[in-house]
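Undergrad: Sharing data14.cif here; it has mmCIF, C-alpha atoms and all ligand atoms.
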data_my_file
loop_
_atom_site.label_atom_id
_atom_site.label_comp_id
_atom_site.auth_asym_id
_atom_site.auth_seq_id
_atom_site.Cartn_x
_atom_site.Cartn_y
_atom_site.Cartn_z
CA MET A 235 0.00 0.00 0.00
CA ALA A 236 2.36 2.61 -1.14
CA SER A 237 1.16 6.06 -1.98
CA SER A 238 -1.29 8.16 -0.05
CA ARG A 239 -3.13 8.61 -3.34
CA ASP A 240 -4.99 5.37 -3.09
CA LEU A 241 -5.38 5.08 0.63
CA THR A 242 -9.13 5.09 0.15
CA ARG A 243 -11.28 3.77 -2.59
CA ARG A 244 -14.92 4.16 -3.55
CA ALA A 245 -17.08 1.23 -4.61
CA ARG A 246 -20.48 1.29 -6.23
CA ALA A 247 -21.67 -1.87 -4.52
CA ALA A 248 -20.87 -3.80 -1.38
CA ARG A 249 -20.42 -7.13 -3.13
CA GLY A 250 -16.83 -8.25 -2.87
CA ALA A 251 -15.59 -4.86 -1.62
CA TYR A 252 -13.55 -6.69 1.02
CA ALA A 253 -11.06 -7.76 -1.67
CA GLU A 254 -10.24 -4.08 -2.23
CA LEU A 255 -8.79 -3.85 1.27
CA ALA A 256 -5.76 -5.74 -0.02
CA SER A 257 -4.67 -2.49 -1.64
CA ALA A 258 -6.55 0.30 0.17
CA CYS A 259 -6.89 1.45 3.78
CA ALA A 260 -10.63 2.00 3.47
CA VAL A 261 -13.35 1.35 0.96
CA VAL A 262 -16.47 3.50 0.82
CA VAL A 263 -19.58 1.84 -0.54
CA GLU A 264 -21.73 4.72 -1.65
CA ASN A 265 -25.49 4.82 -1.11
CA HIS A 266 -25.69 1.36 0.38
CA PHE A 267 -28.73 2.34 2.44
CA SER A 268 -31.40 4.68 1.09
CA PRO A 269 -31.93 8.09 2.71
CA GLU A 270 -35.45 6.99 3.66
CA GLN A 271 -34.19 3.88 5.42
CA CYS A 272 -31.56 5.89 7.28
CA ALA A 273 -34.16 8.48 8.30
CA ARG A 274 -36.44 5.75 9.72
CA TRP A 275 -33.60 4.23 11.71
CA VAL A 276 -32.47 7.65 12.96
CA GLU A 277 -36.01 8.35 14.14
CA GLY A 278 -35.90 5.01 15.93
CA VAL A 279 -32.55 5.86 17.52
CA TYR A 280 -33.99 9.08 18.96
CA SER A 281 -37.14 7.29 20.16
CA ALA A 282 -34.83 4.94 22.10
CA ARG A 283 -32.96 7.77 23.83
CA ALA A 284 -33.96 6.62 27.32
CA GLY A 285 -32.41 3.24 26.51
CA TRP A 286 -29.12 4.48 25.11
CA THR A 287 -26.02 3.06 26.74
CA GLN A 288 -23.75 5.80 27.97
CA ALA A 289 -19.97 5.40 27.68
CA PHE A 290 -16.95 7.35 28.82
CA ALA A 291 -18.94 9.74 31.03
CA GLY A 292 -21.31 10.80 28.27
CA GLU A 293 -18.71 11.31 25.54
CA GLN A 294 -20.68 8.87 23.47
CA PHE A 295 -23.79 6.72 23.53
CA SER A 296 -24.95 3.62 21.78
CA LEU A 297 -28.15 1.84 20.96
CA GLY A 298 -27.20 -1.74 21.67
CA ARG A 299 -24.11 -2.55 23.69
CA ALA A 300 -20.67 -2.05 22.22
CA PHE A 301 -18.05 -4.49 23.50
CA TYR A 302 -15.04 -2.17 23.45
CA THR A 303 -16.63 0.53 25.61
CA HIS A 304 -17.66 -2.02 28.23
CA PHE A 305 -14.23 -3.64 28.10
CA GLU A 306 -12.37 -0.36 28.46
CA GLU A 307 -14.59 0.71 31.33
CA GLY A 308 -14.22 -2.61 33.13
CA LYS A 309 -17.84 -3.53 32.49
CA SER A 310 -17.48 -6.62 30.30
CA ALA A 311 -19.80 -8.56 32.62
CA ALA A 312 -22.59 -6.09 31.84
CA TYR A 313 -21.93 -6.51 28.12
CA PHE A 314 -22.31 -10.28 28.34
CA ASP A 315 -25.31 -10.17 30.66
CA ASP A 316 -28.29 -11.20 28.52
CA PRO A 317 -27.15 -9.90 25.10
CA SER A 318 -30.59 -10.74 23.71
CA SER A 319 -32.03 -7.77 25.63
CA SER A 320 -29.55 -5.50 23.86
CA ASP A 321 -30.51 -6.98 20.49
CA ALA A 322 -34.21 -6.68 21.31
CA ARG A 323 -33.76 -2.97 22.07
CA VAL A 324 -32.04 -2.37 18.73
CA GLU A 325 -34.66 -4.37 16.87
CA ALA A 326 -37.58 -2.64 18.61
CA HIS A 327 -36.39 0.81 17.62
CA CYS A 328 -34.52 0.12 14.38
CA PRO A 329 -36.29 -2.86 12.86
CA GLY A 330 -34.16 -4.75 10.36
CA LEU A 331 -30.95 -2.87 11.12
CA GLN A 332 -29.07 -5.75 12.71
CA GLN A 333 -29.92 -8.18 9.93
CA ALA A 334 -29.11 -5.54 7.31
CA MET A 335 -25.66 -5.10 8.86
CA ARG A 336 -25.07 -8.87 8.90
CA ASP A 337 -26.23 -9.10 5.30
CA LEU A 338 -23.82 -6.27 4.55
CA VAL A 339 -20.95 -8.36 5.92
CA THR A 340 -22.02 -11.30 3.76
CA SER A 341 -22.01 -9.07 0.68
CA LEU A 342 -18.71 -7.41 1.52
CA VAL A 343 -16.78 -10.64 1.99
CA GLY A 344 -18.35 -12.36 -1.00
CA ASP A 345 -18.98 -16.08 -1.00
CA ALA A 346 -19.12 -16.61 2.72
CA ARG A 347 -21.60 -16.84 5.55
CA ALA A 348 -21.88 -14.19 8.24
CA VAL A 349 -23.58 -15.21 11.45
CA GLN A 350 -24.18 -13.66 14.83
CA ARG A 351 -21.40 -14.39 17.32
CA ARG A 352 -23.03 -16.44 20.05
CA GLY A 353 -23.19 -14.74 23.43
CA TRP A 354 -22.22 -11.34 22.01
CA CYS A 355 -24.41 -8.36 21.20
CA GLY A 356 -25.34 -7.86 17.57
CA PRO A 357 -24.69 -4.80 15.39
CA GLY A 358 -25.60 -1.49 16.98
CA VAL A 359 -25.55 2.25 16.67
CA HIS A 360 -23.12 4.90 17.89
CA VAL A 361 -24.35 8.37 18.85
CA PHE A 362 -21.76 11.12 19.21
CA PRO A 363 -23.29 14.26 20.72
CA PRO A 364 -22.75 17.69 19.20
CA GLY A 365 -20.42 19.86 21.23
CA GLY A 366 -18.96 16.86 23.04
CA PRO A 367 -15.30 15.88 23.31
CA VAL A 368 -15.34 13.79 20.11
CA ALA A 369 -16.93 16.67 18.21
CA ALA A 370 -14.34 19.06 19.60
CA ARG A 371 -11.18 16.98 19.35
CA GLY A 372 -12.03 13.89 17.35
CA GLY A 373 -12.23 10.37 18.72
CA VAL A 374 -9.46 8.22 20.09
CA ARG A 375 -7.00 6.91 17.51
CA HIS A 376 -7.50 3.19 17.71
CA PHE A 377 -7.57 -0.28 16.19
CA ASP A 378 -10.71 -2.42 16.42
CA THR A 379 -8.93 -5.39 17.94
CA GLU A 380 -10.58 -5.50 21.38
CA GLY A 381 -13.29 -7.97 20.45
CA LEU A 382 -11.00 -10.39 18.65
CA ALA A 383 -9.94 -13.62 20.35
CA ALA A 384 -6.25 -13.47 21.30
CA HIS A 385 -5.32 -16.34 18.98
CA HIS A 386 -7.20 -14.64 16.14
CA THR A 387 -5.24 -11.42 16.63
CA ARG A 388 -1.92 -13.24 17.07
CA ALA A 389 -2.36 -14.96 13.74
CA ARG A 390 -3.70 -11.74 12.20
CA ARG A 391 -6.66 -13.69 10.93
CA SER A 392 -9.12 -11.69 8.87
CA ALA A 393 -11.35 -9.21 10.65
CA ILE A 394 -13.32 -6.23 9.40
CA THR A 395 -15.33 -3.29 10.66
CA ALA A 396 -18.16 -1.87 8.58
CA VAL A 397 -19.72 1.44 9.54
CA ALA A 398 -22.89 2.84 7.98
CA MET A 399 -23.48 6.55 8.30
CA LEU A 400 -27.10 7.05 9.35
CA GLN A 401 -26.94 10.76 10.13
CA THR A 402 -23.98 12.96 9.29
CA PRO A 403 -23.10 15.84 11.55
CA GLU A 404 -23.71 19.28 10.06
CA SER A 405 -20.14 19.38 8.87
CA ASP A 406 -16.99 17.27 8.92
CA GLY A 407 -16.82 14.16 11.12
CA GLY A 408 -15.16 11.92 8.54
CA LEU A 409 -13.06 8.91 9.43
CA LYS A 410 -9.28 9.24 9.28
CA VAL A 411 -7.32 6.15 8.32
CA TRP A 412 -3.57 5.68 8.46
CA ASP A 413 -1.33 3.44 6.45
CA VAL A 414 -0.69 1.61 9.71
CA THR A 415 -1.95 -1.72 10.99
CA TYR A 416 -1.95 -3.19 14.48
CA ASP A 417 1.49 -4.18 15.64
CA GLY A 418 0.70 -5.63 19.06
CA HIS A 419 0.29 -2.36 20.95
CA ASP A 420 -3.06 -0.65 21.54
CA HIS A 421 -1.80 2.90 21.14
CA PRO A 422 -0.10 4.18 17.98
CA THR A 423 3.48 5.35 18.24
CA ARG A 424 4.58 8.81 17.17
CA THR A 425 6.24 7.32 14.12
CA GLU A 426 3.04 5.52 13.15
CA LEU A 427 1.08 8.76 13.42
CA ARG A 428 3.41 10.29 10.84
CA ALA A 429 2.54 7.60 8.29
CA PRO A 430 0.43 8.60 5.28
CA SER A 431 -3.21 9.09 6.15
CA ALA A 432 -6.47 10.14 4.55
CA VAL A 433 -9.86 11.28 5.77
CA VAL A 434 -12.78 9.32 4.41
CA THR A 435 -15.77 11.54 3.98
CA TYR A 436 -19.04 9.76 3.91
CA ARG A 437 -22.59 10.73 3.41
CA THR A 438 -25.84 9.39 4.79
CA GLY A 439 -26.33 5.85 3.55
CA ASP A 440 -22.66 5.29 2.71
CA VAL A 441 -20.72 2.46 4.30
CA VAL A 442 -17.05 2.57 5.24
CA LEU A 443 -15.21 -0.71 5.32
CA ILE A 444 -11.87 -1.07 7.07
CA ASP A 445 -9.68 -3.88 8.25
CA SER A 446 -10.14 -4.15 12.03
CA TYR A 447 -6.33 -3.95 12.38
CA ARG A 448 -6.32 -0.55 10.63
CA LEU A 449 -5.51 2.57 12.66
CA HIS A 450 -8.47 4.96 12.46
CA GLN A 451 -10.09 7.93 14.17
CA ILE A 452 -13.36 9.86 13.95
CA GLN A 453 -12.63 13.45 12.98
CA PRO A 454 -13.95 16.50 14.85
CA PHE A 455 -17.29 17.85 13.69
CA GLU A 456 -19.44 20.94 13.97
CA GLY A 457 -23.07 21.90 14.33
CA GLY A 458 -25.94 21.00 16.58
CA ARG A 459 -26.73 17.56 15.29
CA GLU A 460 -25.65 14.15 16.58
CA ARG A 461 -23.34 12.02 14.47
CA ILE A 462 -25.10 8.66 14.22
CA SER A 463 -23.52 5.58 12.66
CA ALA A 464 -24.18 1.84 12.76
CA THR A 465 -21.25 -0.52 13.30
CA VAL A 466 -20.67 -4.21 12.79
CA HIS A 467 -17.43 -6.00 13.54
CA ALA A 468 -16.79 -9.36 11.93
CA ALA A 469 -14.06 -11.99 12.13
CA GLU A 470 -13.41 -14.93 9.84
CA VAL A 471 -13.45 -17.75 12.37
CA ASP A 472 -13.28 -20.57 9.84
CA ALA A 473 -12.92 -20.77 6.08
CA ASN A 474 -15.70 -18.60 4.69
CA LEU A 475 -17.47 -18.35 8.01
CA TRP A 476 -17.61 -14.94 9.66
CA GLU A 477 -18.97 -14.10 13.09
CA SER A 478 -20.31 -10.61 13.77
CA TRP A 479 -20.92 -8.45 16.82
CA PHE A 480 -20.83 -4.86 18.10
O1 LIG A 501 -18.49 5.97 13.38
C1 LIG A 501 -17.45 5.76 12.77
O2 LIG A 501 -17.16 6.35 11.71
C2 LIG A 501 -16.44 4.74 13.24
C3 LIG A 501 -16.60 4.37 14.67
C4 LIG A 501 -15.55 3.36 15.07
O3 LIG A 501 -14.38 3.60 15.06
C5 LIG A 501 -16.01 2.02 15.43
O4 LIG A 501 -17.22 1.76 15.44
O5 LIG A 501 -15.14 1.17 15.73
FE FE A 502 -13.23 1.76 15.48
#
What would you get if you wrote out this structure as structure tokens?
Ligand SMILES: O=C(O)CCC(=O)C(=O)O
Ligand SMILES: [Fe+2]

TA:
Amino acid sequence: MASSRDLTRRARAARGAYAELASACAVVVENHFSPEQCARWVEGVYSARAGWTQAFAGEQFSLGRAFYTHFEEGKSAAYFDDPSSSDARVEAHCPGLQQAMRDLVTSLVGDARAVQRRGWCGPGVHVFPPGGPVAARGGVRHFDTEGLAAHHTRARRSAITAVAMLQTPESDGGLKVWDVTYDGHDHPTRTELRAPSAVVTYRTGDVVLIDSYRLHQIQPFEGGRERISATVHAAEVDANLWESWF
């Protein structure tokens, strides 16, 4: 992956887009979800506000439990406590979203099966509030390795993150990707941060696909509107069998 020119790529359809990650840091699948579908899910996300899961002292919220926030806050037990109630909450407010995100994984990876990871919470939604720390400074620079089994990570077995933008902030809020992949440490070094990088801009209904070992960061954003995106993580646990979770 040499030049910063082709750090990101745009694809017209999800099918097989995973293959593009061999030579790009991120692939954007444009218009994967219709604006009407996104608007319905966003309405559902707001109707679920009382049931949002708060993380990092209100820096961010989710509809459905996200493993990495629970893990980092020492609350993994709460994540694994009755995951079906988390899935039921997502389904009640955003009908079809979880299955659509699993179907998305199936399309992205091509001829393979994507199933729910047993005992884990299914795909969910991130809400980043306007005026909050992420809006002001951007998110944490990170890799999406927390949910991977240790042996999976050690062998660098395939793993992806797909993010669907449901509601863009009023401006900015793209996803920055670096020409850097996970090297066994959770925080990027200063040298790694100087590697070539690019900001993926994505619109409502677009999907961004990255390797879970890819260094990435949500960019600061402006305006009075929440940034709302749906995430699914997936790992190839056996030949052509992928497990997904949030
Ligand atoms: O919302 C996004 O653009 C990406 C969020 C993220 O880094 C993640 O879900 O792991
Ligand atoms: Fe991430």

Undergrad: Could you pull the residues within 8 Å of A:Leu400, counting all atoms listed in the file, minus those fewer than 3 positions along the same chain, as number ranges by chain?

TA: A: 272-273, 275-276, 438-439, 462-464

Undergrad: Pick out the closest residue to A:Ala346 from this set: A:Ala291, A:Tyr302, A:Trp479, A:Arg249. Count only C-alpha atoms.

TA: A:Arg249

Undergrad: Padding 6 Å on every side, please: axis-aligned box over the listed atoms of ligand LIG 501 (chain A), centre and edge lengths to one decimal in Å, as lines of an AutoDock Vina configuration file.

TA:
center_x = -16.4
center_y = 3.8
center_z = 13.7
size_x = 16.1
size_y = 17.2
size_z = 16.0

Undergrad: Return as a PyMOL selection string the residues of protein, DNA or RNA that approach ligand LIG 501 (chain A) to within 6 Å, with only C-alpha atoms and all ligand atoms taken into account.

TA: chain A and resi 378+397+409+452+463+465

Undergrad: Write out as number ranges by chain each polymer residue (protein, DNA or RNA) that has an atom no more than 10 Å from ligand FE 502 (chain A), with all atoms listed in the file counted.

TA: A: 302, 373-380, 395-397, 409, 444-452, 465-467

Undergrad: Hey, can you check how far atom CA of A:Ala311 sits from atom CA of A:Tyr280?

TA: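 Between these atoms lies a distance of 26.4 Å.
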
Undergrad: Any chance you could model N, CA and C atoms for stretch 286-321 of chain A and send them as a PDB file, in the frame of the given file?

TA:
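Okay, this is what ended up in rebuild33.pdb:
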ATOM      1  N   TRP A 286     -30.497   4.422  25.608  1.00  0.00           N
ATOM      2  CA  TRP A 286     -29.120   4.480  25.110  1.00  0.00           C
ATOM      3  C   TRP A 286     -28.154   4.048  26.210  1.00  0.00           C
ATOM      4  N   THR A 287     -27.088   3.417  25.798  1.00  0.00           N
ATOM      5  CA  THR A 287     -26.020   3.060  26.740  1.00  0.00           C
ATOM      6  C   THR A 287     -24.993   4.184  26.713  1.00  0.00           C
ATOM      7  N   GLN A 288     -24.717   4.701  27.894  1.00  0.00           N
ATOM      8  CA  GLN A 288     -23.750   5.800  27.970  1.00  0.00           C
ATOM      9  C   GLN A 288     -22.342   5.232  28.152  1.00  0.00           C
ATOM     10  N   ALA A 289     -21.360   5.853  27.500  1.00  0.00           N
ATOM     11  CA  ALA A 289     -19.970   5.400  27.680  1.00  0.00           C
ATOM     12  C   ALA A 289     -19.061   6.588  27.873  1.00  0.00           C
ATOM     13  N   PHE A 290     -17.981   6.335  28.588  1.00  0.00           N
ATOM     14  CA  PHE A 290     -16.950   7.350  28.820  1.00  0.00           C
ATOM     15  C   PHE A 290     -17.565   8.675  29.308  1.00  0.00           C
ATOM     16  N   ALA A 291     -18.357   8.568  30.369  1.00  0.00           N
ATOM     17  CA  ALA A 291     -18.940   9.740  31.030  1.00  0.00           C
ATOM     18  C   ALA A 291     -19.729  10.637  30.085  1.00  0.00           C
ATOM     19  N   GLY A 292     -20.440  10.011  29.136  1.00  0.00           N
ATOM     20  CA  GLY A 292     -21.310  10.800  28.270  1.00  0.00           C
ATOM     21  C   GLY A 292     -20.638  11.333  27.017  1.00  0.00           C
ATOM     22  N   GLU A 293     -19.364  10.917  26.800  1.00  0.00           N
ATOM     23  CA  GLU A 293     -18.710  11.310  25.540  1.00  0.00           C
ATOM     24  C   GLU A 293     -19.448  10.730  24.357  1.00  0.00           C
ATOM     25  N   GLN A 294     -19.982   9.541  24.556  1.00  0.00           N
ATOM     26  CA  GLN A 294     -20.680   8.870  23.470  1.00  0.00           C
ATOM     27  C   GLN A 294     -21.753   7.948  24.032  1.00  0.00           C
ATOM     28  N   PHE A 295     -22.688   7.593  23.150  1.00  0.00           N
ATOM     29  CA  PHE A 295     -23.790   6.720  23.530  1.00  0.00           C
ATOM     30  C   PHE A 295     -23.933   5.650  22.462  1.00  0.00           C
ATOM     31  N   SER A 296     -24.642   4.594  22.825  1.00  0.00           N
ATOM     32  CA  SER A 296     -24.950   3.620  21.780  1.00  0.00           C
ATOM     33  C   SER A 296     -26.349   3.077  21.991  1.00  0.00           C
ATOM     34  N   LEU A 297     -26.929   2.627  20.888  1.00  0.00           N
ATOM     35  CA  LEU A 297     -28.150   1.840  20.960  1.00  0.00           C
ATOM     36  C   LEU A 297     -27.702   0.417  20.705  1.00  0.00           C
ATOM     37  N   GLY A 298     -27.847  -0.432  21.699  1.00  0.00           N
ATOM     38  CA  GLY A 298     -27.200  -1.740  21.670  1.00  0.00           C
ATOM     39  C   GLY A 298     -25.833  -1.585  22.329  1.00  0.00           C
ATOM     40  N   ARG A 299     -25.383  -2.648  22.960  1.00  0.00           N
ATOM     41  CA  ARG A 299     -24.110  -2.550  23.690  1.00  0.00           C
ATOM     42  C   ARG A 299     -22.924  -2.758  22.769  1.00  0.00           C
ATOM     43  N   ALA A 300     -21.918  -1.917  22.969  1.00  0.00           N
ATOM     44  CA  ALA A 300     -20.670  -2.050  22.220  1.00  0.00           C
ATOM     45  C   ALA A 300     -19.638  -2.705  23.135  1.00  0.00           C
ATOM     46  N   PHE A 301     -18.986  -3.759  22.634  1.00  0.00           N
ATOM     47  CA  PHE A 301     -18.050  -4.490  23.500  1.00  0.00           C
ATOM     48  C   PHE A 301     -16.909  -3.602  23.986  1.00  0.00           C
ATOM     49  N   TYR A 302     -16.287  -2.855  23.062  1.00  0.00           N
ATOM     50  CA  TYR A 302     -15.040  -2.170  23.450  1.00  0.00           C
ATOM     51  C   TYR A 302     -15.257  -1.129  24.541  1.00  0.00           C
ATOM     52  N   THR A 303     -16.419  -0.467  24.547  1.00  0.00           N
ATOM     53  CA  THR A 303     -16.630   0.530  25.610  1.00  0.00           C
ATOM     54  C   THR A 303     -16.769  -0.162  26.960  1.00  0.00           C
ATOM     55  N   HIS A 304     -17.513  -1.278  26.967  1.00  0.00           N
ATOM     56  CA  HIS A 304     -17.660  -2.020  28.230  1.00  0.00           C
ATOM     57  C   HIS A 304     -16.315  -2.540  28.699  1.00  0.00           C
ATOM     58  N   PHE A 305     -15.549  -3.090  27.757  1.00  0.00           N
ATOM     59  CA  PHE A 305     -14.230  -3.640  28.100  1.00  0.00           C
ATOM     60  C   PHE A 305     -13.328  -2.557  28.683  1.00  0.00           C
ATOM     61  N   GLU A 306     -13.276  -1.418  28.007  1.00  0.00           N
ATOM     62  CA  GLU A 306     -12.370  -0.360  28.460  1.00  0.00           C
ATOM     63  C   GLU A 306     -12.806   0.260  29.781  1.00  0.00           C
ATOM     64  N   GLU A 307     -14.099   0.161  30.069  1.00  0.00           N
ATOM     65  CA  GLU A 307     -14.590   0.710  31.330  1.00  0.00           C
ATOM     66  C   GLU A 307     -14.697  -0.366  32.417  1.00  0.00           C
ATOM     67  N   GLY A 308     -14.173  -1.546  32.136  1.00  0.00           N
ATOM     68  CA  GLY A 308     -14.220  -2.610  33.130  1.00  0.00           C
ATOM     69  C   GLY A 308     -15.620  -3.143  33.382  1.00  0.00           C
ATOM     70  N   LYS A 309     -16.452  -3.097  32.319  1.00  0.00           N
ATOM     71  CA  LYS A 309     -17.840  -3.530  32.490  1.00  0.00           C
ATOM     72  C   LYS A 309     -18.204  -4.687  31.567  1.00  0.00           C
ATOM     73  N   SER A 310     -17.216  -5.519  31.246  1.00  0.00           N
ATOM     74  CA  SER A 310     -17.480  -6.620  30.300  1.00  0.00           C
ATOM     75  C   SER A 310     -18.625  -7.504  30.784  1.00  0.00           C
ATOM     76  N   ALA A 311     -18.728  -7.694  32.109  1.00  0.00           N
ATOM     77  CA  ALA A 311     -19.800  -8.560  32.620  1.00  0.00           C
ATOM     78  C   ALA A 311     -21.160  -8.015  32.214  1.00  0.00           C
ATOM     79  N   ALA A 312     -21.305  -6.693  32.237  1.00  0.00           N
ATOM     80  CA  ALA A 312     -22.590  -6.090  31.840  1.00  0.00           C
ATOM     81  C   ALA A 312     -22.845  -6.294  30.347  1.00  0.00           C
ATOM     82  N   TYR A 313     -21.766  -6.275  29.569  1.00  0.00           N
ATOM     83  CA  TYR A 313     -21.930  -6.510  28.120  1.00  0.00           C
ATOM     84  C   TYR A 313     -22.490  -7.908  27.866  1.00  0.00           C
ATOM     85  N   PHE A 314     -21.934  -8.881  28.605  1.00  0.00           N
ATOM     86  CA  PHE A 314     -22.310 -10.280  28.340  1.00  0.00           C
ATOM     87  C   PHE A 314     -23.547 -10.715  29.107  1.00  0.00           C
ATOM     88  N   ASP A 315     -24.114  -9.835  29.903  1.00  0.00           N
ATOM     89  CA  ASP A 315     -25.310 -10.170  30.660  1.00  0.00           C
ATOM     90  C   ASP A 315     -26.535 -10.059  29.742  1.00  0.00           C
ATOM     91  N   ASP A 316     -27.072 -11.166  29.322  1.00  0.00           N
ATOM     92  CA  ASP A 316     -28.290 -11.200  28.520  1.00  0.00           C
ATOM     93  C   ASP A 316     -28.187 -10.312  27.265  1.00  0.00           C
ATOM     94  N   PRO A 317     -27.302 -10.687  26.334  1.00  0.00           N
ATOM     95  CA  PRO A 317     -27.150  -9.900  25.100  1.00  0.00           C
ATOM     96  C   PRO A 317     -28.441  -9.801  24.297  1.00  0.00           C
ATOM     97  N   SER A 318     -29.349 -10.784  24.497  1.00  0.00           N
ATOM     98  CA  SER A 318     -30.590 -10.740  23.710  1.00  0.00           C
ATOM     99  C   SER A 318     -31.418  -9.503  24.066  1.00  0.00           C
ATOM    100  N   SER A 319     -31.256  -8.976  25.283  1.00  0.00           N
ATOM    101  CA  SER A 319     -32.030  -7.770  25.630  1.00  0.00           C
ATOM    102  C   SER A 319     -31.460  -6.559  24.881  1.00  0.00           C
ATOM    103  N   SER A 320     -30.148  -6.566  24.655  1.00  0.00           N
ATOM    104  CA  SER A 320     -29.550  -5.500  23.860  1.00  0.00           C
ATOM    105  C   SER A 320     -30.053  -5.578  22.413  1.00  0.00           C
ATOM    106  N   ASP A 321     -30.042  -6.804  21.877  1.00  0.00           N
ATOM    107  CA  ASP A 321     -30.510  -6.980  20.490  1.00  0.00           C
ATOM    108  C   ASP A 321     -31.991  -6.622  20.355  1.00  0.00           C
TER     109      ASP A 321
END
